[in-house]
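**Q** Mind looking over this structure? Questions follow.
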Amino acid sequence: MNKLHPLSFIIAALWFSTAAIFVPQLPWLTLAFLLCAIFRGLLTGFNFRLWWKQVRKMIPLFLAILVIQLLFTKKGELLWGKSWYAIYSVGLHRGIAVNLRLLILFFSAQILLRLTYEDFDIAFNTLHLPEEFAFMIFYTIHIIPSAGEHIQHSLQLVKFRGINLRKLPLKSQLTIYRYISLSVLADVLSRSEIQAIALDLRGFRSTRKHTHLLQNNFSLYDFMLYLSIIIITLVYLFSILA
Amino acid sequence: MLKVQNLYLCYPGQSEPIFKNLTFELKDGELLWLTGPNGCGKTSLLNCISGIIPQRIKAEFKGDIILNDLDLNPIPINERFRYLAYQMSDPDNQIFFPRVEKELFFALENAGLTIKEMKERIIRATEDFGLQDFWETEPGKLSLGQKKLLVLAFCSAQDTPLYLLDEPTSALSGESILKVKKWLKNLLSNGKMVIMVEHNPDLGSLANQILDLSK
C-alpha cells in the first residue's frame with residue numbers, strides 16, 4: 001500500500017471524505033467507513049489498540065451527538081420508550097450516520113497526515129499545479145499538530161516551575177491555557193512571516209523554470225485503486241438512480 | 001563587484017536614520033566584515049542588500065545596490081537567489097522541510113538545475129560541512145549547530161557571486177568553526193564576495209575590509 005503514488009493517497013482521502021459528506025444512506029456510509037478503515041489499516045497497519053487510543057478521546061462527542069439526535073428527532077418508527085425519552089428510527093439513523101461521517105473524516109485526515117511535504121509536492125507536480133499549493137496544504141495540515149507540540153512544550157515549562165495545573169482552580173487553569181495559546185499563536189504568526197521571507201530568498205515562487213528532484217511513477221496498485229473508486233462510485237450512482 | 005552607493009535607511013517612527021549616505025565597494029574574492037554594537041544596523045544592511053528591506057520590511061530606503069553591473073533594486077526578492085545567498089542568524093527561520101535532502105535541494109530546484117548538477121553541488125556542500133550522513137534526517141532533530149551548518153550548506157550549494165552571512169559561527173563548536181573558515185577561504189579563492197556579521201575574532205584574518213557601522 002505504501003507503494004502508492006502520493007496523488008493516490010490524496011484522491012482516496014478526498015473520495016472518502018466526499019462520501020462522508022454527501023452520502024445519506026446508512027448502508028453506503030457504513031461501507032465507506034469500512035473501506036476507509038481498511039485503507040488506513042493497509043497503510044498504517046491494523047493496530048487496533050492504537051486506533052482505540054486515538055478514537056477514545058472522541059467518544060464523549062459521539063455519545064453527545066447520538067443522544068441529541070435520539071432526544072430531538074421524533075420522526076420515523078417508534079423503537080423504544082415513550083413521551084420525551086422515546087427513541088425513533090430516524091433519530092437513531094441520524095445519530096449513527098453523523099458519527100460514521102466524523103469517523104470517516106478523522107480517518108481521512110489520518111491518511112493525509114501521513115504525507116510529507118515531498119509527497120504533496122510530487123502529487124501536485126503530477127497535476128502541473130504550482131508548488132505554492134503543496135506548500136500551503138502541507139503547512140495548513142501540519143500547523144495544528146505543530147501548535148499542539150508548542151502548547152505541550154509550554155505546559156511542560158509551566159510544570160518545571162513547580163506549578164501543578166491539576167491542583168489549580170479551574171479559573172486559574174483557564175487563564176494559564178489562554179496565555180499559552182495566545183503566545184503560541186503569536187509565535188506561529190510571527191515565525192510564518194519571517195519563514196515566508198526566507199522561502200522567497202531561496203527562489204520560492206520564482207517565475208522561471210523549476211525542476212524536481214523527486215519524481216514518482218504510477219504503479220499497478222494506483223490503477224487498481226482508481227478502478228475500485230470508479231466501480232464503487234458507479235455502483236452507488238446506479239443504486240440511487242434506479 | 002558589489003557597489004553600495006548612498007544608502008539611506010530609516011525605519012518608520014524613528015527620528016534618526018540607520019544609514020545616511022552609506023557607500024562602499026567590494027571586489028570579487030573579498031570579504032567585508034561588519035562590526036558595531038547591537039542595533040547599529042548590521043543585519044539591516046544585509047536585509048537591504050537581500051531585498052527584504054524595502055520589499056518585505058517597510059522602511060524609508062534610498063540608494064543603489066549594484067552587483068556585477070546589475071541593479072538589484074528592481075529585482076524581486078524571490079529572484080535574488082540567483083545572485084546572492086543569505087544565511088540568517090537564526091537557522092530555525094530558514095528550515096521548513098521534513099528532510100535535510102529537501103532543504104538542500106530546494107533553491108536548486110527553483111533555479112531549474114538538472115538533477116545531475118543539483119546532486120554534484122549538494123554532495124560537495126554537504127562534504128564541506130560534514131553533513132553527508134544527514135540527508136534523510138528530519139532537520140528539526142538536528143542540534144542548533146548542525147542546523148546552522150545545514151543553512152550554510154544550502155547557501156553554499158546556491159553558488160552565487162555574493163554571500164550574506166549573519167553570525168555564521170555562533171553556536172558552532174571549534175571543529176565546525178574550522179569547517180566554516182575553510183569554506184570561506186575556498187569561496188574567496190573562487191572569487192566570491194562575502195559580507196559577514198560575526199563576533200568571532202578567529203575569522204578576522206579573512207576580512208579584506210572592515211565596516212564599523214557604529215561610526
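A note on labels: chains of the C-alpha cells are A, B, ... as shown, every chain counts residues from 1, and ligands are counted from 1 in their shown order.
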Would you kindly return, as a PyMOL selection string, each protein, DNA or RNA residue with an atom no farther than 12 Å from any atom of Pro91 in chain B, considering only C-alpha atoms and excluding same-chain residues fewer than 2 positions away?

**A** (chain A and resi 191+194-195+198) or (chain B and resi 86-89+93-96+103+139-140+142-155+165-171)

**Q** Mind dumping the selected residues with C-alpha atoms as a compact mmCIF listing (two decimals), in the first residue's frame?

**A**
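So result14.txt came out as:
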```
# COMPACT_ATOMS: atom_id res chain seq x y z
CA ARG A 191 7.54 32.95 12.60
CA ILE A 194 9.84 35.53 8.53
CA GLN A 195 9.78 31.98 7.13
CA ALA A 198 13.30 33.08 3.95
CA TYR B 86 21.63 34.78 2.69
CA GLN B 87 22.30 32.93 5.94
CA MET B 88 20.15 34.41 8.71
CA SER B 89 21.29 34.41 12.33
CA ASN B 93 13.78 30.71 10.36
CA GLN B 94 15.27 29.10 7.26
CA ILE B 95 14.42 25.45 7.84
CA PHE B 96 10.96 24.19 6.85
CA GLU B 103 16.27 21.65 2.34
CA PRO B 139 16.03 18.89 10.28
CA GLY B 140 14.05 19.51 13.48
CA LEU B 142 19.45 18.40 14.36
CA SER B 143 21.29 20.40 17.01
CA LEU B 144 21.42 24.19 16.67
CA GLY B 145 25.00 23.97 15.38
CA GLN B 146 24.07 21.31 12.80
CA LYS B 147 21.13 23.43 11.66
CA LYS B 148 23.49 26.34 11.18
CA LEU B 149 25.81 24.15 9.10
CA LEU B 150 22.81 22.96 7.09
CA VAL B 151 21.84 26.55 6.26
CA LEU B 152 25.44 27.30 5.26
CA ALA B 153 25.48 24.14 3.14
CA PHE B 154 22.41 25.09 1.14
CA CYS B 155 23.70 28.65 0.76
CA LEU B 165 26.29 35.73 6.40
CA ASP B 166 24.78 36.75 9.71
CA GLU B 167 26.81 35.26 12.56
CA PRO B 168 27.76 32.06 10.74
CA THR B 169 29.80 30.61 13.60
CA SER B 170 27.60 31.38 16.61
CA ALA B 171 26.53 28.12 18.31
```

**Q** Show which residues sit within 12 Å of Asn99 in chain A, as a PDB file with C-alpha atoms, in the first residue's frame. Count only C-alpha atoms, and ignore same-chain residues fewer than 2 positions away.

**A**
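Below is the file that was written, around_33.pdb:
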```
ATOM      1  CA  ALA A  20     -18.820  11.121   4.318  1.00  0.00           C
ATOM      2  CA  ILE A  21     -20.354  14.467   3.457  1.00  0.00           C
ATOM      3  CA  LEU A  26     -26.607   4.352   6.215  1.00  0.00           C
ATOM      4  CA  LEU A  29     -21.996   5.209   4.689  1.00  0.00           C
ATOM      5  CA  THR A  30     -21.091   2.053   6.630  1.00  0.00           C
ATOM      6  CA  PHE A  33     -16.378   3.763   6.705  1.00  0.00           C
ATOM      7  CA  VAL A  55     -10.701   7.447  18.882  1.00  0.00           C
ATOM      8  CA  MET A  58     -13.797  11.426  20.725  1.00  0.00           C
ATOM      9  CA  ILE A  59     -16.239   9.059  22.403  1.00  0.00           C
ATOM     10  CA  PRO A  60     -17.930  11.747  24.573  1.00  0.00           C
ATOM     11  CA  LEU A  61     -18.545  13.704  21.358  1.00  0.00           C
ATOM     12  CA  PHE A  62     -20.003  10.646  19.605  1.00  0.00           C
ATOM     13  CA  LEU A  63     -22.262   9.891  22.564  1.00  0.00           C
ATOM     14  CA  ALA A  64     -23.395  13.519  22.806  1.00  0.00           C
ATOM     15  CA  ILE A  65     -24.290  13.552  19.090  1.00  0.00           C
ATOM     16  CA  LEU A  66     -26.179  10.272  19.416  1.00  0.00           C
ATOM     17  CA  VAL A  67     -28.114  11.408  22.498  1.00  0.00           C
ATOM     18  CA  ILE A  68     -29.015  14.764  20.918  1.00  0.00           C
ATOM     19  CA  GLN A  69     -30.276  13.049  17.749  1.00  0.00           C
ATOM     20  CA  LEU A  92     -31.091   6.586  15.656  1.00  0.00           C
ATOM     21  CA  HIS A  93     -30.254   6.560  11.933  1.00  0.00           C
ATOM     22  CA  ARG A  94     -29.078  10.177  12.021  1.00  0.00           C
ATOM     23  CA  GLY A  95     -27.067   9.693  15.212  1.00  0.00           C
ATOM     24  CA  ILE A  96     -25.202   6.718  13.742  1.00  0.00           C
ATOM     25  CA  ALA A  97     -24.759   8.482  10.371  1.00  0.00           C
ATOM     26  CA  ARG A 101     -19.212  10.710   8.983  1.00  0.00           C
ATOM     27  CA  LEU A 102     -16.965  12.022  11.761  1.00  0.00           C
ATOM     28  CA  LEU A 103     -15.031   8.756  11.883  1.00  0.00           C
ATOM     29  CA  ILE A 104     -14.519   8.737   8.102  1.00  0.00           C
ATOM     30  CA  LEU A 105     -13.325  12.357   8.184  1.00  0.00           C
ATOM     31  CA  PHE A 106     -10.992  11.527  11.069  1.00  0.00           C
TER      32      PHE A 106
END
```

**Q** Find the residues of chain A in contact range of chain B, meaning any atom within 6 Å when counting only C-alpha atoms, and list them as a ChimeraX atom specification.

**A** /A:195,198,200-203,206,209-213

**Q** Please identify which residues in range 161-212 of chain B DSSP calls alpha helix (DSSP H) from the backbone, and express them as a list in words.

**A** Gly174, Glu175, Ser176, Ile177, Leu178, Lys179, Val180, Lys181, Lys182, Trp183, Leu184, Lys185, Asn186, Leu187, Leu188 and Ser189 of chain B

**Q** Take the selection from the previous step and output its residues with C-alpha atoms, as a PDB file, in the first residue's frame.

**A**
```pdb
ATOM      1  CA  GLY B 174      35.634  24.594  17.398  1.00  0.00           C
ATOM      2  CA  GLU B 175      35.734  21.850  14.775  1.00  0.00           C
ATOM      3  CA  SER B 176      32.728  23.271  12.942  1.00  0.00           C
ATOM      4  CA  ILE B 177      34.210  26.772  13.058  1.00  0.00           C
ATOM      5  CA  LEU B 178      37.272  25.389  11.280  1.00  0.00           C
ATOM      6  CA  LYS B 179      34.990  23.911   8.575  1.00  0.00           C
ATOM      7  CA  VAL B 180      33.316  27.297   8.096  1.00  0.00           C
ATOM      8  CA  LYS B 181      36.695  29.030   7.947  1.00  0.00           C
ATOM      9  CA  LYS B 182      37.954  26.578   5.346  1.00  0.00           C
ATOM     10  CA  TRP B 183      34.757  27.007   3.314  1.00  0.00           C
ATOM     11  CA  LEU B 184      35.070  30.816   3.466  1.00  0.00           C
ATOM     12  CA  LYS B 185      38.688  30.646   2.287  1.00  0.00           C
ATOM     13  CA  ASN B 186      37.582  28.446  -0.585  1.00  0.00           C
ATOM     14  CA  LEU B 187      34.754  30.841  -1.505  1.00  0.00           C
ATOM     15  CA  LEU B 188      37.096  33.812  -1.558  1.00  0.00           C
ATOM     16  CA  SER B 189      39.701  31.983  -3.611  1.00  0.00           C
TER      17      SER B 189
END
```

**Q** When DSSP works through the backbone of this structure, what residues of range 10-160 of chain A end up as strand (DSSP E), shown as number ranges by chain?

**A** A: 78-80, 87-88

**Q** Find the residues near Ser183 in chain A: any atom within 12 Å, counting only C-alpha atoms, skip ones fewer than 6 places away on the same chain, and give them as a ChimeraX atom specification.

**A** /A:147,150-151,154,176-177,189-191

**Q** Can you pull out every residue within 10 Å of Leu165 in chain A, counting only C-alpha atoms, but drop anything in the same chain fewer than 6 positions away, and send it as a PyMOL selection string?

**A** chain A and resi 155+158-159+172-174+176-177

**Q** Need the shell around Thr140 in chain A: protein/DNA/RNA residues with any atom at most 12 Å away, counting only C-alpha atoms. Skip same-chain ones fewer than 5 positions apart. Format as an NGL selection string?

**A** :A and (112-113 or 117 or 132-135 or 145-147 or 188 or 192)

**Q** Just want the 10 Å neighbourhood of Asn6 in chain B, counted on only C-alpha atoms, with same-chain residues fewer than 6 positions away dropped. Output as an MDAnalysis selection string.

**A** chainID B and resid 19:24 62:65

**Q** Suppose you want the space between CA of Ala13 in chain A and CA of Ala32 in chain A; what is it in Å?

**A** 11.2 Å

**Q** Please determine, counting only C-alpha atoms, which residue among A:Leu168, A:Ile10, A:Leu199, A:Ala86 has the shortest atom-to-atom distance to Lys74 in chain A.

**A** A:Ala86

**Q** Would you pick out the contacts of range 229-232 of chain A at 10 Å or less, using only C-alpha atoms, so that residues sharing its chain but fewer than 3 positions from it are not included, and give the list as a PyMOL selection string?

**A** chain A and resi 11-12+15-16+32+223-226+235-238
